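**Student:** File final-v1.pdb follows (PDB, C-alpha atoms, pLDDT in the B column):
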```
ATOM      1  CA  MET A 301     -43.075  25.946  13.552  1.00 35.00           C
ATOM      2  CA  SER A 302     -44.338  26.123  17.104  1.00 35.00           C
ATOM      3  CA  PRO A 303     -46.203  23.128  18.580  1.00 36.00           C
ATOM      4  CA  ALA A 304     -49.425  25.209  18.711  1.00 34.00           C
ATOM      5  CA  ALA A 305     -49.686  25.638  14.948  1.00 36.00           C
ATOM      6  CA  PRO A 306     -50.959  22.122  14.094  1.00 36.00           C
ATOM      7  CA  LEU A 307     -53.596  22.526  16.801  1.00 37.00           C
ATOM      8  CA  ALA A 308     -54.935  25.654  15.072  1.00 41.00           C
ATOM      9  CA  ASP A 309     -55.136  23.746  11.796  1.00 44.00           C
ATOM     10  CA  ASP A 310     -56.991  20.911  13.492  1.00 52.00           C
ATOM     11  CA  LEU A 311     -59.543  23.266  15.031  1.00 53.00           C
ATOM     12  CA  LEU A 312     -60.710  24.807  11.746  1.00 52.00           C
ATOM     13  CA  PRO A 313     -62.629  21.741  10.494  1.00 88.00           C
ATOM     14  CA  MET A 314     -64.506  21.549  13.809  1.00 90.00           C
ATOM     15  CA  ARG A 315     -65.685  25.135  13.409  1.00 91.00           C
ATOM     16  CA  GLU A 316     -66.927  24.354   9.919  1.00 93.00           C
ATOM     17  CA  ALA A 317     -68.526  21.155  11.149  1.00 94.00           C
ATOM     18  CA  CYS A 318     -70.391  23.094  13.842  1.00 95.00           C
ATOM     19  CA  VAL A 319     -71.808  25.496  11.249  1.00 95.00           C
ATOM     20  CA  GLN A 320     -72.930  22.622   9.024  1.00 93.00           C
ATOM     21  CA  ALA A 321     -74.458  20.736  11.948  1.00 95.00           C
ATOM     22  CA  ALA A 322     -76.307  23.882  13.007  1.00 95.00           C
ATOM     23  CA  ARG A 323     -77.814  24.274   9.536  1.00 94.00           C
ATOM     24  CA  GLU A 324     -78.916  20.641   9.578  1.00 93.00           C
ATOM     25  CA  ALA A 325     -80.423  21.031  13.041  1.00 94.00           C
ATOM     26  CA  ILE A 326     -82.361  24.115  11.980  1.00 93.00           C
ATOM     27  CA  ALA A 327     -83.614  22.373   8.843  1.00 92.00           C
ATOM     28  CA  GLU A 328     -84.817  19.370  10.831  1.00 92.00           C
ATOM     29  CA  LYS A 329     -86.127  20.923  14.042  1.00 90.00           C
ATOM     30  CA  GLY A 330     -86.453  24.651  13.468  1.00 88.00           C
ATOM     31  CA  LEU A 331     -84.422  27.551  14.766  1.00 89.00           C
ATOM     32  CA  GLU A 332     -85.991  27.412  18.218  1.00 88.00           C
ATOM     33  CA  LYS A 333     -84.461  23.985  18.874  1.00 88.00           C
ATOM     34  CA  LEU A 334     -80.908  24.969  17.948  1.00 91.00           C
ATOM     35  CA  SER A 335     -78.440  24.385  20.785  1.00 93.00           C
ATOM     36  CA  LEU A 336     -74.721  23.792  21.119  1.00 95.00           C
ATOM     37  CA  ARG A 337     -75.485  20.559  22.957  1.00 94.00           C
ATOM     38  CA  ASP A 338     -77.449  19.229  19.969  1.00 94.00           C
ATOM     39  CA  VAL A 339     -74.663  20.320  17.621  1.00 95.00           C
ATOM     40  CA  ALA A 340     -72.142  18.394  19.739  1.00 95.00           C
ATOM     41  CA  ARG A 341     -74.374  15.328  19.731  1.00 93.00           C
ATOM     42  CA  ARG A 342     -74.690  15.419  15.957  1.00 93.00           C
ATOM     43  CA  LEU A 343     -70.919  15.623  15.590  1.00 93.00           C
ATOM     44  CA  GLY A 344     -70.232  12.914  18.147  1.00 92.00           C
ATOM     45  CA  VAL A 345     -68.012  15.172  20.267  1.00 93.00           C
ATOM     46  CA  SER A 346     -68.097  16.301  23.883  1.00 93.00           C
ATOM     47  CA  HIS A 347     -70.700  18.852  24.894  1.00 90.00           C
ATOM     48  CA  GLN A 348     -67.915  21.372  25.493  1.00 92.00           C
ATOM     49  CA  ALA A 349     -66.223  21.017  22.091  1.00 93.00           C
ATOM     50  CA  PRO A 350     -68.370  23.584  20.209  1.00 93.00           C
ATOM     51  CA  TYR A 351     -67.721  26.160  22.947  1.00 92.00           C
ATOM     52  CA  LYS A 352     -64.083  26.342  21.839  1.00 92.00           C
ATOM     53  CA  HIS A 353     -65.347  28.119  18.719  1.00 92.00           C
ATOM     54  CA  PHE A 354     -68.687  29.618  19.721  1.00 93.00           C
ATOM     55  CA  PRO A 355     -69.173  31.030  23.235  1.00 92.00           C
ATOM     56  CA  SER A 356     -72.945  30.729  22.913  1.00 92.00           C
ATOM     57  CA  ARG A 357     -75.772  29.538  20.696  1.00 92.00           C
ATOM     58  CA  ASP A 358     -76.215  33.077  19.406  1.00 92.00           C
ATOM     59  CA  HIS A 359     -72.585  33.241  18.314  1.00 93.00           C
ATOM     60  CA  LEU A 360     -73.108  30.088  16.261  1.00 94.00           C
ATOM     61  CA  LEU A 361     -76.362  31.429  14.831  1.00 94.00           C
ATOM     62  CA  ALA A 362     -74.642  34.691  13.900  1.00 94.00           C
ATOM     63  CA  GLU A 363     -72.014  32.720  11.969  1.00 94.00           C
ATOM     64  CA  VAL A 364     -74.718  30.816  10.093  1.00 95.00           C
ATOM     65  CA  LEU A 365     -76.554  34.050   9.275  1.00 95.00           C
ATOM     66  CA  GLN A 366     -73.368  35.772   8.161  1.00 95.00           C
ATOM     67  CA  ARG A 367     -72.733  33.047   5.613  1.00 95.00           C
ATOM     68  CA  CYS A 368     -76.327  33.194   4.401  1.00 95.00           C
ATOM     69  CA  TYR A 369     -76.079  36.936   3.817  1.00 96.00           C
ATOM     70  CA  GLU A 370     -72.725  36.571   2.076  1.00 97.00           C
ATOM     71  CA  ALA A 371     -74.134  33.955  -0.295  1.00 97.00           C
ATOM     72  CA  PHE A 372     -77.203  36.124  -0.884  1.00 97.00           C
ATOM     73  CA  ALA A 373     -75.090  39.199  -1.687  1.00 97.00           C
ATOM     74  CA  ASP A 374     -72.893  37.108  -3.984  1.00 98.00           C
ATOM     75  CA  ALA A 375     -75.985  35.948  -5.871  1.00 97.00           C
ATOM     76  CA  LEU A 376     -77.256  39.512  -6.267  1.00 98.00           C
ATOM     77  CA  GLU A 377     -73.891  40.778  -7.474  1.00 97.00           C
ATOM     78  CA  ALA A 378     -73.575  37.882  -9.943  1.00 97.00           C
ATOM     79  CA  ARG A 379     -76.813  38.847 -11.724  1.00 97.00           C
ATOM     80  CA  GLN A 380     -76.878  39.514 -15.448  1.00 97.00           C
ATOM     81  CA  ARG A 381     -75.931  43.166 -15.897  1.00 96.00           C
ATOM     82  CA  PHE A 382     -77.557  45.655 -18.270  1.00 96.00           C
ATOM     83  CA  ASP A 383     -76.515  49.089 -19.480  1.00 96.00           C
ATOM     84  CA  ASP A 384     -80.070  50.315 -18.947  1.00 94.00           C
ATOM     85  CA  PRO A 385     -80.445  50.997 -15.182  1.00 93.00           C
ATOM     86  CA  ALA A 386     -84.119  49.991 -15.184  1.00 92.00           C
ATOM     87  CA  ALA A 387     -83.354  46.668 -16.869  1.00 94.00           C
ATOM     88  CA  ASP A 388     -80.533  46.129 -14.414  1.00 96.00           C
ATOM     89  CA  MET A 389     -82.933  46.762 -11.530  1.00 95.00           C
ATOM     90  CA  GLU A 390     -85.305  44.125 -12.892  1.00 95.00           C
ATOM     91  CA  SER A 391     -82.390  41.723 -13.232  1.00 96.00           C
ATOM     92  CA  LEU A 392     -81.576  42.364  -9.580  1.00 97.00           C
ATOM     93  CA  GLY A 393     -85.152  41.518  -8.655  1.00 96.00           C
ATOM     94  CA  ARG A 394     -84.990  38.267 -10.593  1.00 96.00           C
ATOM     95  CA  ALA A 395     -81.729  37.334  -8.878  1.00 97.00           C
ATOM     96  CA  TYR A 396     -83.396  37.991  -5.522  1.00 97.00           C
ATOM     97  CA  ILE A 397     -86.347  35.770  -6.376  1.00 96.00           C
ATOM     98  CA  ARG A 398     -84.126  32.983  -7.733  1.00 95.00           C
ATOM     99  CA  TYR A 399     -82.063  32.917  -4.557  1.00 96.00           C
ATOM    100  CA  ALA A 400     -85.095  32.991  -2.279  1.00 95.00           C
ATOM    101  CA  VAL A 401     -86.920  30.213  -4.130  1.00 92.00           C
ATOM    102  CA  GLY A 402     -83.791  28.110  -4.501  1.00 94.00           C
ATOM    103  CA  ASN A 403     -82.636  28.535  -0.890  1.00 94.00           C
ATOM    104  CA  PRO A 404     -85.788  28.598   1.244  1.00 92.00           C
ATOM    105  CA  LEU A 405     -84.079  27.653   4.515  1.00 91.00           C
ATOM    106  CA  GLU A 406     -81.427  30.336   4.180  1.00 93.00           C
ATOM    107  CA  TYR A 407     -84.030  32.882   3.137  1.00 94.00           C
ATOM    108  CA  ARG A 408     -86.203  32.159   6.167  1.00 91.00           C
ATOM    109  CA  LEU A 409     -83.194  32.438   8.440  1.00 91.00           C
ATOM    110  CA  MET A 410     -82.264  35.840   7.038  1.00 93.00           C
ATOM    111  CA  PHE A 411     -85.706  37.418   6.900  1.00 92.00           C
ATOM    112  CA  GLY A 412     -87.977  35.340   9.109  1.00 87.00           C
ATOM    113  CA  ASN A 413     -86.257  35.732  12.474  1.00 82.00           C
ATOM    114  CA  ASP A 414     -84.793  38.389  14.730  1.00 83.00           C
ATOM    115  CA  TRP A 415     -81.046  38.911  14.560  1.00 83.00           C
ATOM    116  CA  PRO A 416     -78.921  37.997  17.570  1.00 82.00           C
ATOM    117  CA  GLU A 417     -78.239  41.200  19.482  1.00 74.00           C
ATOM    118  CA  ALA A 418     -74.601  41.658  20.450  1.00 66.00           C
ATOM    119  CA  ALA A 419     -71.788  43.967  19.419  1.00 65.00           C
ATOM    120  CA  GLU A 420     -69.471  41.066  18.674  1.00 78.00           C
ATOM    121  CA  TYR A 421     -71.589  40.010  15.693  1.00 87.00           C
ATOM    122  CA  ALA A 422     -70.157  42.823  13.559  1.00 89.00           C
ATOM    123  CA  GLU A 423     -69.300  40.505  10.661  1.00 91.00           C
ATOM    124  CA  MET A 424     -72.907  39.336  10.463  1.00 92.00           C
ATOM    125  CA  TYR A 425     -74.158  42.919  10.433  1.00 92.00           C
ATOM    126  CA  ARG A 426     -71.697  43.866   7.697  1.00 94.00           C
ATOM    127  CA  ALA A 427     -72.778  40.903   5.578  1.00 94.00           C
ATOM    128  CA  GLY A 428     -76.433  41.908   5.892  1.00 93.00           C
ATOM    129  CA  LEU A 429     -75.606  45.527   5.057  1.00 95.00           C
ATOM    130  CA  ARG A 430     -73.639  44.431   1.994  1.00 96.00           C
ATOM    131  CA  ALA A 431     -76.727  42.757   0.524  1.00 94.00           C
ATOM    132  CA  PHE A 432     -78.848  45.861   1.130  1.00 96.00           C
ATOM    133  CA  ASP A 433     -76.157  48.104  -0.350  1.00 97.00           C
ATOM    134  CA  VAL A 434     -76.415  46.192  -3.648  1.00 97.00           C
ATOM    135  CA  LEU A 435     -79.986  47.443  -3.888  1.00 97.00           C
ATOM    136  CA  ARG A 436     -78.989  50.960  -2.877  1.00 97.00           C
ATOM    137  CA  ALA A 437     -76.338  51.048  -5.602  1.00 97.00           C
ATOM    138  CA  ALA A 438     -78.829  49.927  -8.259  1.00 96.00           C
ATOM    139  CA  LEU A 439     -81.232  52.682  -7.217  1.00 95.00           C
ATOM    140  CA  ARG A 440     -78.542  55.361  -7.288  1.00 95.00           C
ATOM    141  CA  ARG A 441     -77.645  54.257 -10.802  1.00 93.00           C
ATOM    142  CA  LEU A 442     -81.305  54.459 -11.824  1.00 92.00           C
ATOM    143  CA  TYR A 443     -81.858  57.911 -10.312  1.00 91.00           C
ATOM    144  CA  GLY A 444     -78.530  59.472 -11.215  1.00 88.00           C
ATOM    145  CA  LYS A 445     -76.276  61.713  -9.148  1.00 85.00           C
ATOM    146  CA  GLY A 446     -77.540  63.936  -6.400  1.00 89.00           C
ATOM    147  CA  VAL A 447     -80.474  61.856  -5.195  1.00 91.00           C
ATOM    148  CA  PRO A 448     -80.872  62.233  -1.402  1.00 93.00           C
ATOM    149  CA  LYS A 449     -79.936  59.250   0.737  1.00 94.00           C
ATOM    150  CA  ALA A 450     -83.349  59.370   2.411  1.00 95.00           C
ATOM    151  CA  LYS A 451     -85.062  58.797  -0.941  1.00 94.00           C
ATOM    152  CA  VAL A 452     -82.735  55.956  -1.863  1.00 95.00           C
ATOM    153  CA  ASP A 453     -83.314  54.291   1.499  1.00 96.00           C
ATOM    154  CA  ALA A 454     -87.086  54.732   1.396  1.00 96.00           C
ATOM    155  CA  ASP A 455     -87.338  53.378  -2.145  1.00 96.00           C
ATOM    156  CA  ALA A 456     -84.978  50.527  -1.304  1.00 97.00           C
ATOM    157  CA  MET A 457     -87.366  49.524   1.474  1.00 97.00           C
ATOM    158  CA  PHE A 458     -90.264  49.746  -0.995  1.00 96.00           C
ATOM    159  CA  VAL A 459     -88.507  47.464  -3.495  1.00 97.00           C
ATOM    160  CA  TRP A 460     -87.353  45.021  -0.831  1.00 96.00           C
ATOM    161  CA  SER A 461     -90.738  44.746   0.879  1.00 96.00           C
ATOM    162  CA  SER A 462     -92.509  44.321  -2.477  1.00 96.00           C
ATOM    163  CA  ILE A 463     -90.277  41.477  -3.637  1.00 96.00           C
ATOM    164  CA  HIS A 464     -90.186  39.934  -0.178  1.00 95.00           C
ATOM    165  CA  GLY A 465     -93.969  39.917  -0.151  1.00 93.00           C
ATOM    166  CA  LEU A 466     -94.081  38.109  -3.485  1.00 92.00           C
ATOM    167  CA  VAL A 467     -91.493  35.564  -2.359  1.00 92.00           C
ATOM    168  CA  SER A 468     -93.427  34.934   0.851  1.00 90.00           C
ATOM    169  CA  ILE A 469     -96.562  34.218  -1.176  1.00 86.00           C
ATOM    170  CA  LEU A 470     -94.718  31.931  -3.580  1.00 82.00           C
ATOM    171  CA  GLN A 471     -93.305  29.900  -0.695  1.00 80.00           C
ATOM    172  CA  VAL A 472     -96.734  28.915   0.612  1.00 78.00           C
ATOM    173  CA  SER A 473     -99.650  27.240  -1.140  1.00 71.00           C
ATOM    174  CA  CYS A 474    -102.225  30.029  -0.842  1.00 76.00           C
ATOM    175  CA  CYS A 475    -102.113  30.826  -4.571  1.00 74.00           C
ATOM    176  CA  ASP A 476    -103.459  27.332  -5.253  1.00 76.00           C
ATOM    177  CA  HIS A 477    -106.743  28.320  -3.613  1.00 79.00           C
ATOM    178  CA  LEU A 478    -107.324  31.784  -5.086  1.00 84.00           C
ATOM    179  CA  ASP A 479    -108.726  30.641  -8.439  1.00 84.00           C
ATOM    180  CA  LEU A 480    -106.194  32.765 -10.283  1.00 83.00           C
ATOM    181  CA  ALA A 481    -106.150  32.822 -14.063  1.00 86.00           C
ATOM    182  CA  ALA A 482    -103.355  30.560 -15.285  1.00 82.00           C
ATOM    183  CA  LYS A 483    -101.482  33.349 -17.027  1.00 85.00           C
ATOM    184  CA  VAL A 484    -101.610  35.488 -13.875  1.00 83.00           C
ATOM    185  CA  GLU A 485     -99.974  32.873 -11.684  1.00 75.00           C
ATOM    186  CA  ALA A 486     -97.369  32.060 -14.316  1.00 79.00           C
ATOM    187  CA  GLY A 487     -96.470  35.717 -14.738  1.00 86.00           C
ATOM    188  CA  LEU A 488     -96.489  36.884 -11.129  1.00 87.00           C
ATOM    189  CA  ALA A 489     -92.766  37.654 -10.981  1.00 89.00           C
ATOM    190  CA  ASP A 490     -92.769  39.485 -14.315  1.00 91.00           C
ATOM    191  CA  HIS A 491     -95.806  41.531 -13.325  1.00 92.00           C
ATOM    192  CA  GLN A 492     -94.436  42.409  -9.893  1.00 92.00           C
ATOM    193  CA  LEU A 493     -91.059  43.474 -11.247  1.00 93.00           C
ATOM    194  CA  GLY A 494     -92.699  45.429 -14.046  1.00 93.00           C
ATOM    195  CA  MET A 495     -94.866  47.323 -11.571  1.00 94.00           C
ATOM    196  CA  ILE A 496     -91.847  48.077  -9.385  1.00 94.00           C
ATOM    197  CA  THR A 497     -89.944  49.394 -12.412  1.00 91.00           C
ATOM    198  CA  HIS A 498     -92.922  51.532 -13.428  1.00 91.00           C
ATOM    199  CA  ALA A 499     -93.145  53.018  -9.933  1.00 92.00           C
ATOM    200  CA  LEU A 500     -89.423  53.729  -9.788  1.00 90.00           C
ATOM    201  CA  ARG A 501     -89.446  55.382 -13.204  1.00 86.00           C
ATOM    202  CA  ALA A 502     -92.321  57.592 -12.074  1.00 85.00           C
ATOM    203  CA  ALA A 503     -90.515  58.436  -8.856  1.00 77.00           C
ATOM    204  CA  SER A 504     -87.339  59.221 -10.768  1.00 73.00           C
ATOM    205  CA  GLY A 505     -89.184  61.579 -13.103  1.00 67.00           C
ATOM    206  CA  ALA A 506     -91.073  63.275 -10.279  1.00 52.00           C
ATOM    207  CA  SER A 507     -87.854  63.942  -8.395  1.00 52.00           C
ATOM    208  CA  GLY A 508     -86.072  65.253 -11.470  1.00 48.00           C
ATOM    209  CA  ALA A 509     -83.337  62.656 -11.050  1.00 44.00           C
ATOM    210  CA  GLY A 510     -81.905  60.383 -13.772  1.00 41.00           C
TER     211      GLY A 510
END
```
Mind converting the file's structure to structure tokens?
**Tutor:**
Amino acid sequence: MSPAAPLADDLLPMREACVQAAREAIAEKGLEKLSLRDVARRLGVSHQAPYKHFPSRDHLLAEVLQRCYEAFADALEARQRFDDPAADMESLGRAYIRYAVGNPLEYRLMFGNDWPEAAEYAEMYRAGLRAFDVLRAALRRLYGKGVPKAKVDADAMFVWSSIHGLVSILQVSCCDHLDLAAKVEAGLADHQLGMITHALRAASGASGAG
């Protein structure tokens, strides 16, 4: 084994430590305060140490986002599956809501901020696309073969924005001040997903698909 091999093994934990420190920094101070210097300080290493793994703050942020999207896609794919495509779509919606409510920091990072813009973040882009493709696949199964990509994409944006809107409301306290009937607040997710399913069934019938 060449002398360089142990060095490569030693560097891997530092990369992981940088990602973890970045998540902690974001949780404590917000995304705007994230810096490689702060990450180094948290880890007790030189200011230059994180640069061996991440050329810039945006490279580190892209790594954090990539892992968030991968975990999100894993959660969507691990949902309870149903033979009925409509029931499976509702199960997908519930998996989305569970992840968002259970991982508020990660959810805000994915959908509350602009992505870093650079070609070298291809892995982050692929991870984000993978999560969206789970929704596309569920819609294609609901509509059947031959549905145009434009319809799938448009309806995927409808489903995503509808559930995202509900999650955004659930993550703030505004519902506490709307004098909602108790059964309405308790059944918000069920009602929202039921309305989405109703709309998709109507759209499927109107298009002659499924």
**Student:** Quick one: residues within 10 Å of Ser391 (chain A), only C-alpha atoms counted, chain neighbours fewer than 5 positions away excluded, as a VMD selection string?
**Tutor:** chain A and resid 376 379 to 382 385 to 386 396 to 397 493
**Student:** With only C-alpha atoms as the atoms that count, which of A:Asn413, A:Gln492, A:Thr497, A:Ser461 lies nearest to Leu331 (chain A)?
**Tutor:** A:Asn413
**Student:** Check which residues satisfy the PyMOL selection byres ((chain A and resi 400-403) around 9) in the file shown, then give them as a PyMOL selection string.
**Tutor:** chain A and resi 372+395-399+404-408+464+467+470-471
**Student:** To test your reading of the syntax: which residues would the PyMOL selection byres ((chain A and resi 325) around 12) return for the file shown? Reply as a count of residues only.
**Tutor:** 28
**Student:** Let me make sure I understand: among A:Asp476, A:Glu485, A:Asp453, A:Asp433, which one has the smallest atom-to-atom distance to Tyr369 (chain A) if we use all atoms listed in the file?
**Tutor:**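 Closest to Tyr369 (chain A), using all atoms listed in the file: A:Asp433.
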**Student:** Which neighbours of Arg430 (chain A) fall inside 10 Å, counting all atoms listed in the file, when residues of the same chain fewer than 2 positions from it are skipped, and could you give them as a ChimeraX atom specification?
**Tutor:** /A:369-370,372-374,424-428,432-436
**Student:** All heavy atoms for region 397-408 of chain A, written as a PDB file, in the coordinates of the input, could you do that?
**Tutor:**
```pdb
ATOM      1  N   ILE A 397     -85.318  36.809  -6.392  1.00 96.00           N
ATOM      2  CA  ILE A 397     -86.347  35.770  -6.376  1.00 96.00           C
ATOM      3  C   ILE A 397     -85.730  34.388  -6.579  1.00 96.00           C
ATOM      4  O   ILE A 397     -86.105  33.421  -5.899  1.00 96.00           O
ATOM      5  CB  ILE A 397     -87.416  36.063  -7.441  1.00 96.00           C
ATOM      6  CG1 ILE A 397     -88.176  37.354  -7.087  1.00 96.00           C
ATOM      7  CG2 ILE A 397     -88.391  34.889  -7.578  1.00 96.00           C
ATOM      8  CD1 ILE A 397     -89.085  37.849  -8.182  1.00 96.00           C
ATOM      9  N   ARG A 398     -84.784  34.278  -7.500  1.00 95.00           N
ATOM     10  CA  ARG A 398     -84.126  32.983  -7.733  1.00 95.00           C
ATOM     11  C   ARG A 398     -83.443  32.477  -6.467  1.00 95.00           C
ATOM     12  O   ARG A 398     -83.546  31.291  -6.124  1.00 95.00           O
ATOM     13  CB  ARG A 398     -83.095  33.094  -8.858  1.00 95.00           C
ATOM     14  CG  ARG A 398     -83.663  33.040 -10.253  1.00 95.00           C
ATOM     15  CD  ARG A 398     -82.583  32.775 -11.279  1.00 95.00           C
ATOM     16  NE  ARG A 398     -81.515  33.758 -11.216  1.00 95.00           N
ATOM     17  CZ  ARG A 398     -81.524  34.914 -11.884  1.00 95.00           C
ATOM     18  NH1 ARG A 398     -82.555  35.220 -12.653  1.00 95.00           N
ATOM     19  NH2 ARG A 398     -80.509  35.752 -11.792  1.00 95.00           N
ATOM     20  N   TYR A 399     -82.743  33.352  -5.775  1.00 96.00           N
ATOM     21  CA  TYR A 399     -82.063  32.917  -4.557  1.00 96.00           C
ATOM     22  C   TYR A 399     -83.079  32.490  -3.504  1.00 96.00           C
ATOM     23  O   TYR A 399     -82.922  31.457  -2.854  1.00 96.00           O
ATOM     24  CB  TYR A 399     -81.176  34.035  -4.001  1.00 96.00           C
ATOM     25  CG  TYR A 399     -80.425  33.581  -2.773  1.00 96.00           C
ATOM     26  CD1 TYR A 399     -79.186  32.963  -2.887  1.00 96.00           C
ATOM     27  CD2 TYR A 399     -80.967  33.725  -1.494  1.00 96.00           C
ATOM     28  CE1 TYR A 399     -78.509  32.506  -1.767  1.00 96.00           C
ATOM     29  CE2 TYR A 399     -80.302  33.272  -0.378  1.00 96.00           C
ATOM     30  CZ  TYR A 399     -79.076  32.661  -0.522  1.00 96.00           C
ATOM     31  OH  TYR A 399     -78.423  32.198   0.602  1.00 96.00           O
ATOM     32  N   ALA A 400     -84.115  33.285  -3.317  1.00 95.00           N
ATOM     33  CA  ALA A 400     -85.095  32.991  -2.279  1.00 95.00           C
ATOM     34  C   ALA A 400     -85.807  31.671  -2.535  1.00 95.00           C
ATOM     35  O   ALA A 400     -85.993  30.858  -1.622  1.00 95.00           O
ATOM     36  CB  ALA A 400     -86.108  34.132  -2.182  1.00 95.00           C
ATOM     37  N   VAL A 401     -86.209  31.446  -3.784  1.00 92.00           N
ATOM     38  CA  VAL A 401     -86.920  30.213  -4.130  1.00 92.00           C
ATOM     39  C   VAL A 401     -85.980  29.009  -4.079  1.00 92.00           C
ATOM     40  O   VAL A 401     -86.367  27.920  -3.661  1.00 92.00           O
ATOM     41  CB  VAL A 401     -87.571  30.352  -5.523  1.00 92.00           C
ATOM     42  CG1 VAL A 401     -88.171  29.028  -5.973  1.00 92.00           C
ATOM     43  CG2 VAL A 401     -88.654  31.432  -5.490  1.00 92.00           C
ATOM     44  N   GLY A 402     -84.744  29.212  -4.468  1.00 94.00           N
ATOM     45  CA  GLY A 402     -83.791  28.110  -4.501  1.00 94.00           C
ATOM     46  C   GLY A 402     -83.154  27.789  -3.171  1.00 94.00           C
ATOM     47  O   GLY A 402     -82.585  26.705  -2.994  1.00 94.00           O
ATOM     48  N   ASN A 403     -83.253  28.720  -2.210  1.00 94.00           N
ATOM     49  CA  ASN A 403     -82.636  28.535  -0.890  1.00 94.00           C
ATOM     50  C   ASN A 403     -83.636  28.919   0.197  1.00 94.00           C
ATOM     51  O   ASN A 403     -83.418  29.882   0.941  1.00 94.00           O
ATOM     52  CB  ASN A 403     -81.364  29.381  -0.780  1.00 94.00           C
ATOM     53  CG  ASN A 403     -80.348  29.060  -1.846  1.00 94.00           C
ATOM     54  OD1 ASN A 403     -79.516  28.172  -1.704  1.00 94.00           O
ATOM     55  ND2 ASN A 403     -80.402  29.806  -2.946  1.00 94.00           N
ATOM     56  N   PRO A 404     -84.729  28.186   0.313  1.00 92.00           N
ATOM     57  CA  PRO A 404     -85.788  28.598   1.244  1.00 92.00           C
ATOM     58  C   PRO A 404     -85.356  28.621   2.705  1.00 92.00           C
ATOM     59  O   PRO A 404     -85.790  29.495   3.461  1.00 92.00           O
ATOM     60  CB  PRO A 404     -86.888  27.560   1.002  1.00 92.00           C
ATOM     61  CG  PRO A 404     -86.194  26.388   0.385  1.00 92.00           C
ATOM     62  CD  PRO A 404     -85.074  26.965  -0.426  1.00 92.00           C
ATOM     63  N   LEU A 405     -84.522  27.666   3.124  1.00 91.00           N
ATOM     64  CA  LEU A 405     -84.079  27.653   4.515  1.00 91.00           C
ATOM     65  C   LEU A 405     -83.250  28.893   4.817  1.00 91.00           C
ATOM     66  O   LEU A 405     -83.492  29.594   5.820  1.00 91.00           O
ATOM     67  CB  LEU A 405     -83.259  26.395   4.801  1.00 91.00           C
ATOM     68  CG  LEU A 405     -82.601  26.346   6.195  1.00 91.00           C
ATOM     69  CD1 LEU A 405     -83.662  26.359   7.279  1.00 91.00           C
ATOM     70  CD2 LEU A 405     -81.690  25.128   6.326  1.00 91.00           C
ATOM     71  N   GLU A 406     -82.274  29.174   3.972  1.00 93.00           N
ATOM     72  CA  GLU A 406     -81.427  30.336   4.180  1.00 93.00           C
ATOM     73  C   GLU A 406     -82.241  31.630   4.143  1.00 93.00           C
ATOM     74  O   GLU A 406     -82.004  32.548   4.937  1.00 93.00           O
ATOM     75  CB  GLU A 406     -80.322  30.381   3.116  1.00 93.00           C
ATOM     76  CG  GLU A 406     -79.263  29.317   3.250  1.00 93.00           C
ATOM     77  CD  GLU A 406     -79.693  27.950   2.714  1.00 93.00           C
ATOM     78  OE1 GLU A 406     -80.847  27.837   2.205  1.00 93.00           O
ATOM     79  OE2 GLU A 406     -78.891  27.019   2.784  1.00 93.00           O
ATOM     80  N   TYR A 407     -83.216  31.675   3.242  1.00 94.00           N
ATOM     81  CA  TYR A 407     -84.030  32.882   3.137  1.00 94.00           C
ATOM     82  C   TYR A 407     -84.858  33.099   4.406  1.00 94.00           C
ATOM     83  O   TYR A 407     -84.959  34.219   4.906  1.00 94.00           O
ATOM     84  CB  TYR A 407     -84.951  32.793   1.916  1.00 94.00           C
ATOM     85  CG  TYR A 407     -85.647  34.094   1.626  1.00 94.00           C
ATOM     86  CD1 TYR A 407     -84.988  35.125   0.972  1.00 94.00           C
ATOM     87  CD2 TYR A 407     -86.968  34.307   2.030  1.00 94.00           C
ATOM     88  CE1 TYR A 407     -85.615  36.330   0.717  1.00 94.00           C
ATOM     89  CE2 TYR A 407     -87.595  35.516   1.779  1.00 94.00           C
ATOM     90  CZ  TYR A 407     -86.919  36.521   1.126  1.00 94.00           C
ATOM     91  OH  TYR A 407     -87.532  37.731   0.893  1.00 94.00           O
ATOM     92  N   ARG A 408     -85.429  32.028   4.924  1.00 91.00           N
ATOM     93  CA  ARG A 408     -86.203  32.159   6.167  1.00 91.00           C
ATOM     94  C   ARG A 408     -85.316  32.578   7.328  1.00 91.00           C
ATOM     95  O   ARG A 408     -85.742  33.365   8.186  1.00 91.00           O
ATOM     96  CB  ARG A 408     -86.911  30.843   6.488  1.00 91.00           C
ATOM     97  CG  ARG A 408     -88.085  30.526   5.591  1.00 91.00           C
ATOM     98  CD  ARG A 408     -88.965  29.444   6.194  1.00 91.00           C
ATOM     99  NE  ARG A 408     -88.231  28.213   6.431  1.00 91.00           N
ATOM    100  CZ  ARG A 408     -88.088  27.246   5.534  1.00 91.00           C
ATOM    101  NH1 ARG A 408     -88.616  27.390   4.318  1.00 91.00           N
ATOM    102  NH2 ARG A 408     -87.420  26.153   5.818  1.00 91.00           N
TER     103      ARG A 408
END
```
